[in-house]
$ cat upload.txt   # compact mmCIF, C-alpha atoms
# COMPACT_ATOMS: atom_id res chain seq x y z
CA MET A 1 -34.93 -24.22 77.60
CA ASN A 2 -32.75 -24.38 80.69
CA LYS A 3 -32.43 -27.65 82.59
CA VAL A 4 -32.98 -27.06 86.31
CA CYS A 5 -32.29 -29.68 88.98
CA MET A 6 -34.08 -28.95 92.27
CA VAL A 7 -32.11 -30.52 95.12
CA GLU A 8 -33.38 -31.30 98.62
CA TYR A 9 -30.40 -32.95 100.28
CA GLN A 10 -31.55 -33.17 103.92
CA GLY A 11 -34.60 -35.45 103.93
CA ARG A 12 -35.71 -34.68 107.47
CA CYS A 13 -38.35 -37.09 108.77
CA ASP A 14 -39.63 -38.64 111.98
CA ALA A 15 -39.02 -42.21 113.15
CA GLU A 16 -41.94 -43.44 111.00
CA GLY A 17 -40.44 -41.94 107.83
CA LYS A 18 -42.91 -39.05 107.60
CA ALA A 19 -41.27 -35.91 106.22
CA VAL A 20 -41.12 -32.96 108.64
CA GLY A 21 -40.42 -29.30 108.04
CA HIS A 22 -41.32 -27.11 105.10
CA ALA A 23 -39.29 -28.82 102.36
CA PRO A 24 -42.15 -30.82 100.76
CA LYS A 25 -44.43 -27.76 100.69
CA VAL A 26 -41.95 -25.39 99.07
CA LEU A 27 -40.79 -28.10 96.66
CA GLN A 28 -44.34 -28.39 95.34
CA GLU A 29 -44.82 -24.63 95.10
CA TYR A 30 -41.44 -23.89 93.47
CA LEU A 31 -41.98 -26.76 91.05
CA GLN A 32 -45.29 -25.32 89.88
CA MET A 33 -43.63 -21.94 89.38
CA ILE A 34 -41.06 -23.02 86.80
CA ARG A 35 -42.03 -26.42 85.37
CA ASN A 36 -43.72 -24.96 82.27
CA ASP A 37 -40.72 -22.79 81.37
CA CYS A 38 -37.81 -25.09 82.26
CA GLU A 39 -36.90 -28.75 81.98
CA VAL A 40 -37.09 -29.68 85.66
CA SER A 41 -35.66 -32.62 87.57
CA VAL A 42 -35.94 -33.27 91.32
CA PHE A 43 -33.24 -34.96 93.40
CA ALA A 44 -34.35 -35.73 96.96
CA PRO A 45 -34.54 -38.56 99.51
CA LYS A 46 -37.53 -40.88 99.19
CA VAL A 47 -39.19 -39.41 102.30
CA ILE A 48 -39.46 -36.09 100.44
CA LEU A 49 -40.36 -37.38 96.98
CA LYS A 50 -43.27 -39.41 98.30
CA GLU A 51 -44.82 -36.17 99.59
CA LEU A 52 -45.21 -34.82 96.05
CA PRO A 53 -48.83 -34.70 94.84
CA ARG A 54 -50.05 -37.92 93.25
CA GLU A 55 -50.02 -36.50 89.73
CA ASP A 56 -46.36 -35.50 90.11
CA ARG A 57 -45.40 -38.91 91.50
CA LYS A 58 -47.34 -40.60 88.70
CA ASN A 59 -45.42 -38.56 86.13
CA ALA A 60 -42.10 -38.81 87.96
CA GLY A 61 -40.39 -39.88 84.73
CA SER A 62 -41.15 -36.55 83.08
CA LEU A 63 -39.72 -34.82 86.13
CA GLN A 64 -36.62 -37.02 86.08
CA ALA A 65 -37.08 -37.57 89.80
CA LYS A 66 -34.08 -39.27 91.38
CA VAL A 67 -33.91 -40.67 94.89
CA LEU A 68 -30.95 -39.51 96.96
CA PRO A 69 -29.70 -42.28 99.27
CA CYS A 70 -29.76 -40.69 102.73
CA HIS A 71 -32.26 -39.03 105.06
CA ILE A 72 -32.21 -37.62 108.58
CA VAL A 73 -34.42 -38.95 111.37
CA MET A 74 -35.34 -36.10 113.70
CA LYS A 75 -35.34 -36.90 117.43
CA GLY A 76 -35.68 -35.06 120.70
CA LYS A 77 -32.16 -36.08 121.70
CA THR A 78 -29.75 -37.23 119.01
CA PRO A 79 -26.52 -39.04 120.06
CA PHE A 80 -23.31 -37.28 119.07
CA LEU A 81 -22.16 -39.99 116.66
CA GLU A 82 -25.55 -39.95 114.94
CA LYS A 83 -25.26 -36.18 114.50
CA ILE A 84 -21.91 -36.67 112.76
CA THR A 85 -23.39 -39.41 110.58
CA ASN A 86 -26.25 -37.09 109.58
CA LYS A 87 -23.77 -34.44 108.44
CA LEU A 88 -21.86 -37.01 106.35
CA HIS A 89 -25.16 -38.18 104.86
CA MET A 90 -25.92 -34.64 103.72
CA PHE A 91 -22.49 -34.47 102.07
CA THR A 92 -23.26 -37.78 100.31
CA ASN A 93 -26.55 -36.45 98.97
CA ILE A 94 -25.01 -33.19 97.78
CA ARG A 95 -22.19 -35.03 96.02
CA ASN A 96 -24.68 -37.41 94.36
CA ALA A 97 -26.75 -34.54 93.01
CA ILE A 98 -23.75 -32.67 91.62
CA LYS A 99 -22.24 -35.79 90.07
CA HIS A 100 -25.32 -37.38 88.49
CA THR A 101 -27.41 -34.54 87.06
CA ASP A 102 -27.10 -33.24 83.52
CA ALA A 103 -28.82 -29.98 84.48
CA ASP A 104 -27.48 -26.53 83.66
CA ILE A 105 -28.60 -25.19 87.05
CA LEU A 106 -28.59 -26.81 90.49
CA TRP A 107 -31.17 -25.17 92.74
CA PHE A 108 -30.69 -25.94 96.44
CA PHE A 109 -33.99 -24.64 97.77
CA ASN A 110 -33.78 -25.84 101.40
CA VAL A 111 -30.36 -24.82 102.65
CA GLU A 112 -28.55 -25.05 105.97
CA TYR A 113 -24.94 -24.62 107.05
CA TYR A 114 -23.55 -27.92 105.79
CA LEU A 115 -24.23 -27.09 102.16
CA MET A 116 -22.11 -23.98 102.69
CA LEU A 117 -19.38 -26.10 104.26
CA TYR A 118 -19.49 -28.54 101.34
CA LEU A 119 -19.20 -25.73 98.78
CA PHE A 120 -16.35 -24.19 100.76
CA LEU A 121 -14.40 -27.47 100.87
CA HIS A 122 -14.86 -28.38 97.19
CA LYS A 123 -14.15 -26.67 93.91
CA LYS A 124 -17.03 -24.93 92.21
CA PRO A 125 -19.33 -27.40 90.40
CA LYS A 126 -19.62 -27.10 86.61
CA GLN A 127 -23.33 -26.33 86.97
CA LYS A 128 -24.65 -22.91 87.88
CA ILE A 129 -25.53 -22.91 91.59
CA VAL A 130 -28.66 -21.21 92.94
CA CYS A 131 -29.42 -21.29 96.68
CA THR A 132 -32.55 -20.19 98.52
CA LEU A 133 -31.51 -18.82 101.92
CA PHE A 134 -33.76 -18.17 104.91
CA LEU A 135 -31.02 -16.43 106.88
CA ASP A 136 -28.14 -14.14 106.02
CA GLY A 137 -25.51 -15.53 108.37
CA TYR A 138 -24.64 -16.43 111.93
CA HIS A 139 -24.57 -12.96 113.49
CA ALA A 140 -26.98 -13.92 116.26
CA ASP A 141 -24.77 -16.73 117.55
CA ALA A 142 -21.83 -14.34 117.43
CA GLN A 143 -23.56 -12.19 120.06
CA ALA A 144 -23.13 -15.00 122.57
CA GLY A 145 -20.01 -15.45 124.61
CA GLY A 146 -17.07 -17.85 124.82
CA LYS A 147 -17.03 -20.98 122.69
CA THR A 148 -20.39 -20.25 121.04
CA ARG A 149 -19.11 -16.92 119.77
CA LEU A 150 -15.92 -18.48 118.43
CA VAL A 151 -17.82 -21.23 116.60
CA ALA A 152 -20.24 -18.66 115.18
CA GLY A 153 -17.33 -16.58 113.90
CA VAL A 154 -15.86 -19.57 112.07
CA LYS A 155 -19.25 -20.52 110.61
CA GLN A 156 -19.81 -16.96 109.42
CA TRP A 157 -16.39 -16.91 107.73
CA VAL A 158 -17.13 -20.22 105.95
CA PHE A 159 -20.57 -18.88 105.02
CA LYS A 160 -19.03 -15.83 103.34
CA GLN A 161 -16.35 -17.82 101.52
CA ALA A 162 -18.87 -20.38 100.22
CA GLN A 163 -20.77 -17.60 98.48
CA ASN A 164 -17.92 -17.41 95.96
CA ARG A 165 -19.12 -20.83 94.68
CA ILE A 166 -22.74 -19.65 94.29
CA ASP A 167 -24.03 -17.91 91.16
CA LEU A 168 -27.22 -16.51 92.72
CA ILE A 169 -28.81 -16.41 96.15
CA ILE A 170 -32.60 -16.19 96.34
CA SER A 171 -33.06 -14.34 99.61
CA THR A 172 -36.35 -14.85 101.44
CA GLY A 173 -35.61 -11.93 103.75
CA LYS A 174 -36.21 -8.41 102.48
CA GLN A 175 -33.51 -6.97 104.72
CA PHE A 176 -30.85 -9.63 104.10
CA THR A 177 -27.58 -8.69 102.41
CA PHE A 178 -24.80 -10.92 101.04
CA GLN A 179 -21.29 -9.64 100.50
CA ASN A 180 -19.79 -12.15 98.06
CA CYS A 181 -22.63 -13.13 95.77
CA ARG A 182 -25.35 -11.76 93.51
CA TRP A 183 -28.72 -12.02 95.26
CA GLU A 184 -32.38 -11.25 94.74
CA TYR A 185 -35.25 -10.99 97.23
CA ILE A 186 -38.23 -13.31 96.71
CA PRO A 187 -40.48 -14.38 99.61
CA ASP A 188 -40.53 -18.15 100.02
CA TYR A 189 -44.34 -18.29 100.28
CA TYR A 190 -46.82 -16.38 98.14
CA ASP A 191 -50.55 -15.67 98.25
CA LYS A 192 -51.77 -18.62 96.23
CA LYS A 193 -55.33 -17.49 95.61
CA GLY A 194 -56.83 -20.92 95.06
CA LEU A 195 -55.34 -22.08 98.35
CA TYR A 196 -55.71 -19.21 100.82
CA GLU A 197 -58.66 -17.16 99.57
CA PRO A 198 -61.33 -19.72 100.58
CA TYR A 199 -60.08 -19.57 104.16
CA ARG A 200 -60.19 -15.78 104.12
CA ARG A 201 -63.76 -15.87 102.86
CA ARG A 202 -64.86 -18.06 105.75
CA ILE A 203 -63.79 -15.34 108.18
CA SER A 204 -65.18 -12.05 106.88
CA SER A 205 -64.92 -9.91 110.02
CA ASP A 206 -62.93 -9.66 113.22
CA THR A 207 -65.96 -10.68 115.25
CA GLU A 208 -66.00 -14.05 113.47
CA LYS A 209 -62.42 -14.77 114.52
CA GLU A 210 -62.24 -17.06 117.53
CA GLU A 211 -60.81 -15.51 120.68
CA ARG A 212 -57.84 -17.89 120.70
CA ALA A 213 -54.17 -18.16 119.75
CA VAL A 214 -52.52 -21.07 117.99
CA CYS A 215 -48.93 -22.27 117.74
CA LEU A 216 -48.49 -24.52 114.70
CA GLY A 217 -45.76 -26.40 112.89
CA THR A 218 -43.03 -28.86 113.73
CA MET A 219 -42.23 -28.59 117.45
CA GLY A 220 -38.44 -28.70 117.46
CA ASN A 221 -35.95 -27.80 120.15
CA GLY A 222 -35.52 -24.28 118.83
CA LYS A 223 -38.97 -23.12 119.96
CA GLN A 224 -39.54 -21.54 123.38
CA LEU A 225 -42.59 -23.67 124.05
CA GLU A 226 -42.28 -23.83 127.83
CA GLU A 227 -41.99 -20.05 128.14
CA MET A 228 -44.94 -19.57 125.81
CA VAL A 229 -47.27 -22.00 127.58
CA LYS A 230 -46.41 -20.56 131.01
CA ALA A 231 -47.16 -17.05 129.71
CA PHE A 232 -50.58 -18.12 128.41
CA VAL A 233 -51.36 -19.93 131.66
CA ARG A 234 -50.54 -16.70 133.50
CA ILE A 235 -52.79 -14.47 131.37
CA GLY A 236 -55.59 -17.00 130.97
CA TYR A 237 -55.88 -16.62 127.19
CA PRO A 238 -56.93 -19.71 125.16
CA LEU A 239 -54.09 -21.39 123.26
CA THR A 240 -53.82 -24.43 121.00
CA VAL A 241 -50.39 -25.92 120.34
CA ALA A 242 -50.62 -28.40 117.46
CA GLY A 243 -47.88 -30.13 115.50
CA ARG A 244 -45.43 -33.02 115.47
CA PHE A 245 -43.08 -33.16 118.45
CA TYR A 246 -39.68 -34.83 118.23
CA ASP A 247 -39.44 -35.23 122.01
CA GLN A 248 -42.28 -37.13 123.73
CA GLU A 249 -41.05 -36.19 127.20
CA ARG A 250 -41.44 -32.56 126.25
CA VAL A 251 -45.07 -33.16 125.23
CA LYS A 252 -45.87 -34.54 128.67
CA ALA A 253 -44.07 -31.69 130.42
CA LEU A 254 -46.03 -29.10 128.39
CA GLN A 255 -49.32 -30.88 129.06
CA ASN A 256 -48.55 -30.79 132.78
CA ILE A 257 -47.99 -27.02 132.61
CA ALA A 258 -51.18 -26.59 130.57
CA GLU A 259 -53.27 -28.35 133.22
CA GLN A 260 -53.04 -25.17 135.30
CA ALA A 261 -55.07 -23.31 132.65
CA ASN A 262 -58.38 -25.07 133.45
CA GLY A 263 -58.91 -26.38 129.93
CA LYS A 264 -57.99 -23.18 128.07
CA ILE A 265 -54.74 -24.62 126.71
CA GLU A 266 -54.41 -27.78 124.64
CA ILE A 267 -51.25 -29.51 123.47
CA LEU A 268 -51.74 -31.73 120.41
CA ASP A 269 -48.91 -33.95 119.20
CA ARG A 270 -49.89 -34.99 115.69
CA TYR A 271 -49.51 -34.14 112.06
CA LEU A 272 -51.93 -31.62 110.64
CA SER A 273 -53.20 -31.98 107.11
CA GLN A 274 -53.08 -28.82 105.02
CA GLU A 275 -56.83 -28.41 105.56
CA GLU A 276 -56.50 -28.77 109.36
CA TYR A 277 -53.50 -26.45 109.49
CA LEU A 278 -55.06 -23.65 107.45
CA SER A 279 -58.45 -24.01 109.14
CA LEU A 280 -56.87 -23.67 112.57
CA LEU A 281 -54.70 -20.76 111.46
CA ALA A 282 -57.55 -18.87 109.75
CA LYS A 283 -60.25 -19.15 112.38
CA VAL A 284 -58.34 -17.59 115.30
CA LYS A 285 -57.20 -14.06 116.01
CA TYR A 286 -53.54 -14.80 116.77
CA THR A 287 -50.72 -17.17 115.93
CA VAL A 288 -47.80 -17.33 118.36
CA LEU A 289 -44.25 -17.74 117.04
CA PRO A 290 -42.11 -18.84 120.01
CA TYR A 291 -38.78 -18.47 118.24
CA SER A 292 -35.60 -17.11 119.77
CA PRO A 293 -35.12 -13.47 118.71
CA LEU A 294 -31.37 -14.07 118.46
CA ASN A 295 -32.04 -16.42 115.55
CA TYR A 296 -35.27 -15.37 113.87
CA ALA A 297 -34.53 -11.65 113.79
CA THR A 298 -32.37 -12.65 110.80
CA GLN A 299 -34.47 -15.60 109.54
CA THR A 300 -37.83 -15.76 107.84
CA SER A 301 -40.90 -17.68 108.98
CA GLY A 302 -43.31 -19.49 106.66
CA VAL A 303 -46.01 -19.63 109.35
CA MET A 304 -45.81 -15.86 109.74
CA GLN A 305 -46.25 -15.35 106.02
CA GLU A 306 -49.21 -17.73 105.85
CA ALA A 307 -50.79 -15.90 108.79
CA VAL A 308 -50.77 -12.78 106.62
CA PHE A 309 -52.56 -14.74 103.88
CA VAL A 310 -55.47 -15.61 106.22
CA ASP A 311 -55.58 -12.35 108.25
CA THR A 312 -54.31 -13.88 111.49
CA VAL A 313 -52.02 -11.68 113.58
CA PRO A 314 -48.55 -12.99 114.58
CA VAL A 315 -47.55 -12.67 118.24
CA THR A 316 -43.81 -12.81 118.86
CA TYR A 317 -40.72 -10.83 119.78
CA ARG A 318 -40.56 -7.36 118.23
CA ALA A 319 -37.16 -8.12 116.72
CA ILE A 320 -38.66 -11.04 114.79
CA LEU A 321 -41.54 -8.93 113.46
CA GLU A 322 -39.11 -6.20 112.42
CA GLY A 323 -36.72 -8.70 110.84
CA ASN A 324 -39.56 -10.17 108.78
CA ASP A 325 -41.02 -6.71 108.08
CA ILE A 326 -44.52 -7.82 109.13
CA LEU A 327 -46.95 -6.01 111.42
CA GLY A 328 -47.95 -7.97 114.51
CA VAL A 329 -48.22 -7.95 118.30
CA GLY A 330 -44.68 -7.67 119.61
CA PHE A 331 -42.97 -7.91 122.98
CA GLU A 332 -39.46 -7.87 124.42
CA SER A 333 -40.06 -10.73 126.86
CA TRP A 334 -42.81 -13.23 127.63
CA GLU A 335 -43.48 -11.33 130.87
CA GLU A 336 -44.87 -8.46 128.75
CA LEU A 337 -47.64 -10.63 127.33
CA SER A 338 -50.95 -9.52 128.83
CA PRO A 339 -54.72 -9.73 128.20
CA ASP A 340 -54.68 -6.08 127.13
CA LEU A 341 -52.03 -6.81 124.51
CA LEU A 342 -54.36 -9.41 122.98
CA ALA A 343 -57.49 -7.23 123.17
CA GLN A 344 -56.86 -5.09 120.11
CA ASP A 345 -58.87 -3.85 117.17
CA LEU A 346 -57.47 -5.92 114.30
CA THR A 347 -58.54 -3.55 111.50
CA LYS A 348 -55.09 -2.04 110.98
CA TYR A 349 -53.56 -5.50 110.67
CA ARG A 350 -56.13 -6.62 108.11
CA THR A 351 -55.49 -3.48 106.00
CA GLU A 352 -51.73 -3.99 106.08
CA TYR A 353 -51.98 -7.69 105.25
CA GLN A 354 -54.14 -6.97 102.22
CA ARG A 355 -51.51 -4.51 100.99
CA LEU A 356 -48.76 -7.13 101.43
CA ARG A 357 -50.79 -9.77 99.61
CA GLU A 358 -51.32 -7.44 96.65
CA THR A 359 -47.66 -6.40 96.43
CA VAL A 360 -44.87 -8.32 98.17
CA PHE A 361 -46.65 -11.70 98.29
CA SER A 362 -48.52 -11.42 95.00
CA GLU A 363 -48.56 -14.76 93.15
CA ALA A 364 -47.98 -13.13 89.76
CA SER A 365 -45.10 -11.02 91.06
CA VAL A 366 -43.34 -13.98 92.69
CA GLN A 367 -43.82 -16.27 89.70
CA ASN A 368 -42.50 -13.65 87.28
CA LYS A 369 -39.34 -13.31 89.37
CA TYR A 370 -38.71 -17.06 89.38
CA ILE A 371 -39.29 -17.39 85.65
CA ALA A 372 -36.98 -14.45 84.97
CA ILE A 373 -34.23 -16.07 87.06
CA PHE A 374 -34.37 -19.55 85.58
CA THR A 375 -35.00 -18.57 81.96
CA GLY A 376 -32.81 -15.46 81.93
CA ASP A 377 -29.75 -14.93 79.75
CA SER A 378 -27.35 -15.29 82.68
CA PHE A 379 -28.28 -19.00 82.96
CA ARG A 380 -28.46 -19.89 79.27
CA ASN A 381 -26.00 -22.33 77.73
$ encode --input "upload.txt" --output "structure tokens"
Amino acid sequence: MNKVCMVEYQGRCDAEGKAVGHAPKVLQEYLQMIRNDCEVSVFAPKVILKELPREDRKNAGSLQAKVLPCHIVMKGKTPFLEKITNKLHMFTNIRNAIKHTDADILWFFNVEYYLMLYLFLHKKPKQKIVCTLFLDGYHADAQAGGKTRLVAGVKQWVFKQAQNRIDLIISTGKQFTFQNCRWEYIPDYYDKKGLYEPYRRRISSDTEKEERAVCLGTMGNGKQLEEMVKAFVRIGYPLTVAGRFYDQERVKALQNIAEQANGKIEILDRYLSQEEYLSLLAKVKYTVLPYSPLNYATQTSGVMQEAVFVDTVPVTYRAILEGNDILGVGFESWEELSPDLLAQDLTKYRTEYQRLRETVFSEASVQNKYIAIFTGDSFRN
């Protein structure tokens, strides 16, 4: 039985120590996928480990859970020196995981650029390295001009060279390609029947879907929230924005814009439980993904995938829909958003989402792929 160490080296949280982002969710789901077929350990900062279900925390010894020393506090505006410190903290966590595990396989399941930089700067670890990647490079930044383009070119070169230290990339994007490493496509979320099906049952027809859009998740700087809220004020379509904001000034500014909508738009700055999140997502017709197309045309979105699981239609840039290979309401600019665009028969979307759930996002299909990877001959001692 292979020994697999799952490593979450970032530990992103808010000022109160509450984990933010998708790391705790995917840690739980990936863990359930392989724990019966592998000897699994989890190395992560305390802010992540404490988000594990109670039964997993209670049995932490059997999981060989180890606390990594550093975490990152997310803020609206982070001082330059603190940004540098955060990068060094990630290096510390990565080094700790590599040095102190006895696992055969290190699985970095929540990856950003600084893992690639670490692997580039150091010799290949003795363990097999598996990385889950939500993007296939820094091509989007390279489309910019001047200094941004130069930095993106350097990052892309490092990204390619680091792949020589990786034994397998689990790619969450169907259209991603990697030049210097073996890779396999597996979506990062799957249609977990016991989780999503009850929400689908509650909404059995389009007419039962509320005439409203939602924007959910962590409200970081990368989202075009101002443009989105102004567009919905202009068209007069109901919108709920709900999630944890890093920047409190931004919350107030968005609420001021929303006041022009005569109560049709609400801005909620708070954590959503899984029940609240899925209930909000399932009961409305649309979910808005206000990401930059330069970035998310080559990145995947967990919210978009979960929208498919509850028959809610994503609204975003066409390039993002095409990059994620998911049917939705697309536009080239926020100015294109109109009442007519959101007055559609949703039957075709529901049919397509059912097909995706039964094929690409099938729980059995995804689990079989993970088990094959982590128990396969290529990773045996």
$ closest_residue --input "upload.txt" --among "A:Ile169, A:Val366, A:Val303, A:Met74" --to "A:Arg244" --atoms "all atoms listed in the file"
A:Met74
$ closest_residue --input "upload.txt" --among "A:Glu210, A:Asp247, A:Asp191, A:Glu112" --to "A:Gln10" --atoms "all atoms listed in the file"
A:Glu112
$ closest_residue --input "upload.txt" --among "A:Ile98, A:Ile72, A:Cys215, A:Val310" --to "A:Asp269" --atoms "all atoms listed in the file"
A:Cys215
$ axis_aligned_box --input "upload.txt" --around "stretch 134-139 of chain A" --padding-each-side "6 Å" --output "AutoDock Vina command-line options"
--center_x -29.2 --center_y -15.6 --center_z 109.2 --size_x 21.2 --size_y 17.2 --size_z 20.6
$ closest_residue --input "upload.txt" --among "A:Gln367, A:Gln248, A:Thr101, A:Thr316" --to "A:Pro125" --atoms "only C-alpha atoms"
A:Thr101
$ closest_residue --input "upload.txt" --among "A:Glu358, A:Asp104, A:Glu306, A:Glu227" --to "A:Phe374" --atoms "only C-alpha atoms"
A:Asp104
$ residues_around --input "upload.txt" --residues "A:Ser301" --least-positions-apart "3" --cutoff "9 Å" --atoms "all atoms listed in the file" --output "list in words"
Phe134, Asp188, Leu289, Tyr296, Met304, Gln305, Glu306 and Asn324 of chain A
$ residues_around --input "upload.txt" --residues "A:Gln175" --least-positions-apart "2" --cutoff "8 Å" --atoms "all atoms listed in the file" --output "NGL selection string"
:A and (173 or 177 or 323-324)
$ write_last_selection --input "upload.txt" --atoms "C-alpha atoms" --output "short mmCIF file (atom, residue, chain, number, x, y, z; two decimals), in the frame of the given file"
data_model
loop_
_atom_site.label_atom_id
_atom_site.label_comp_id
_atom_site.auth_asym_id
_atom_site.auth_seq_id
_atom_site.Cartn_x
_atom_site.Cartn_y
_atom_site.Cartn_z
CA GLY A 173 -35.61 -11.93 103.75
CA THR A 177 -27.58 -8.69 102.41
CA GLY A 323 -36.72 -8.70 110.84
CA ASN A 324 -39.56 -10.17 108.78
#
$ atom_distance --input "upload.txt" --atom1 "atom CA of A:Val73" --atom2 "atom CA of A:Ile166"
28.3 Å
$ residues_around --input "upload.txt" --residues "A:Gly21" --least-positions-apart "4" --cutoff "8 Å" --atoms "all atoms listed in the file" --output "mmCIF file with C-alpha atoms, in the coordinates of the input"
data_model
loop_
_atom_site.group_PDB
_atom_site.id
_atom_site.type_symbol
_atom_site.label_atom_id
_atom_site.label_comp_id
_atom_site.auth_asym_id
_atom_site.auth_seq_id
_atom_site.Cartn_x
_atom_site.Cartn_y
_atom_site.Cartn_z
ATOM 1 C CA ARG A 12 -35.710 -34.680 107.470
ATOM 2 C CA GLY A 217 -45.760 -26.400 112.890
ATOM 3 C CA THR A 218 -43.030 -28.860 113.730
#
$ residues_around --input "upload.txt" --residues "A:Asn221" --least-positions-apart "5" --cutoff "12 Å" --atoms "all atoms listed in the file" --output "PyMOL selection string"
chain A and resi 74-78+226+244-248+250-251+290-292
$ closest_residue --input "upload.txt" --among "A:Val47, A:Ile203, A:Ile235, A:Leu216" --to "A:Gln274" --atoms "only C-alpha atoms"
A:Leu216
$ residues_around --input "upload.txt" --residues "stretch 350-356 of chain A" --least-positions-apart "5" --cutoff "8 Å" --atoms "all atoms listed in the file" --output "list in words"
Val308, Phe309, Asp311, Leu327, Phe361 and Ser362 of chain A
$ atom_distance --input "upload.txt" --atom1 "atom CA of A:Gly222" --atom2 "atom CA of A:Leu272"
19.8 Å
$ atom_distance --input "upload.txt" --atom1 "atom CA of A:Lys83" --atom2 "atom CA of A:Cys70"
13.4 Å
$ residues_near_point --input "upload.txt" --point "(-53.7, -25.1, 129.8)" --cutoff "12 Å" --atoms "only C-alpha atoms" --output "VMD selection string"
chain A and resid 226 228 to 241 253 to 268
$ build_atoms --input "upload.txt" --residues "stretch 113-126 of chain A" --atoms "N, CA and C atoms" --output "short mmCIF file (atom, residue, chain, number, x, y, z; two decimals), in the frame of the given file"
data_model
loop_
_atom_site.label_atom_id
_atom_site.label_comp_id
_atom_site.auth_asym_id
_atom_site.auth_seq_id
_atom_site.Cartn_x
_atom_site.Cartn_y
_atom_site.Cartn_z
N TYR A 113 -26.37 -24.93 107.02
CA TYR A 113 -24.94 -24.62 107.05
C TYR A 113 -24.09 -25.63 106.29
N TYR A 114 -24.46 -26.91 106.33
CA TYR A 114 -23.55 -27.92 105.79
C TYR A 114 -23.47 -27.92 104.26
N LEU A 115 -24.43 -27.32 103.59
CA LEU A 115 -24.23 -27.09 102.16
C LEU A 115 -23.13 -26.05 101.96
N MET A 116 -23.15 -25.02 102.79
CA MET A 116 -22.11 -23.98 102.69
C MET A 116 -20.73 -24.57 102.97
N LEU A 117 -20.66 -25.47 103.95
CA LEU A 117 -19.38 -26.10 104.26
C LEU A 117 -18.92 -26.97 103.10
N TYR A 118 -19.84 -27.70 102.49
CA TYR A 118 -19.49 -28.54 101.34
C TYR A 118 -18.95 -27.67 100.19
N LEU A 119 -19.65 -26.60 99.87
CA LEU A 119 -19.20 -25.73 98.78
C LEU A 119 -17.85 -25.10 99.09
N PHE A 120 -17.63 -24.78 100.35
CA PHE A 120 -16.35 -24.19 100.76
C PHE A 120 -15.20 -25.19 100.58
N LEU A 121 -15.46 -26.46 100.89
CA LEU A 121 -14.40 -27.47 100.87
C LEU A 121 -14.12 -28.03 99.48
N HIS A 122 -15.01 -27.80 98.52
CA HIS A 122 -14.86 -28.38 97.19
C HIS A 122 -14.77 -27.28 96.13
N LYS A 123 -14.21 -27.64 95.00
CA LYS A 123 -14.15 -26.67 93.91
C LYS A 123 -15.55 -26.42 93.38
N LYS A 124 -15.71 -25.30 92.71
CA LYS A 124 -17.03 -24.93 92.21
C LYS A 124 -17.53 -25.96 91.20
N PRO A 125 -18.78 -26.45 91.37
CA PRO A 125 -19.33 -27.40 90.40
C PRO A 125 -19.44 -26.76 89.02
N LYS A 126 -19.51 -27.61 87.99
CA LYS A 126 -19.62 -27.10 86.61
C LYS A 126 -20.98 -26.46 86.37
#
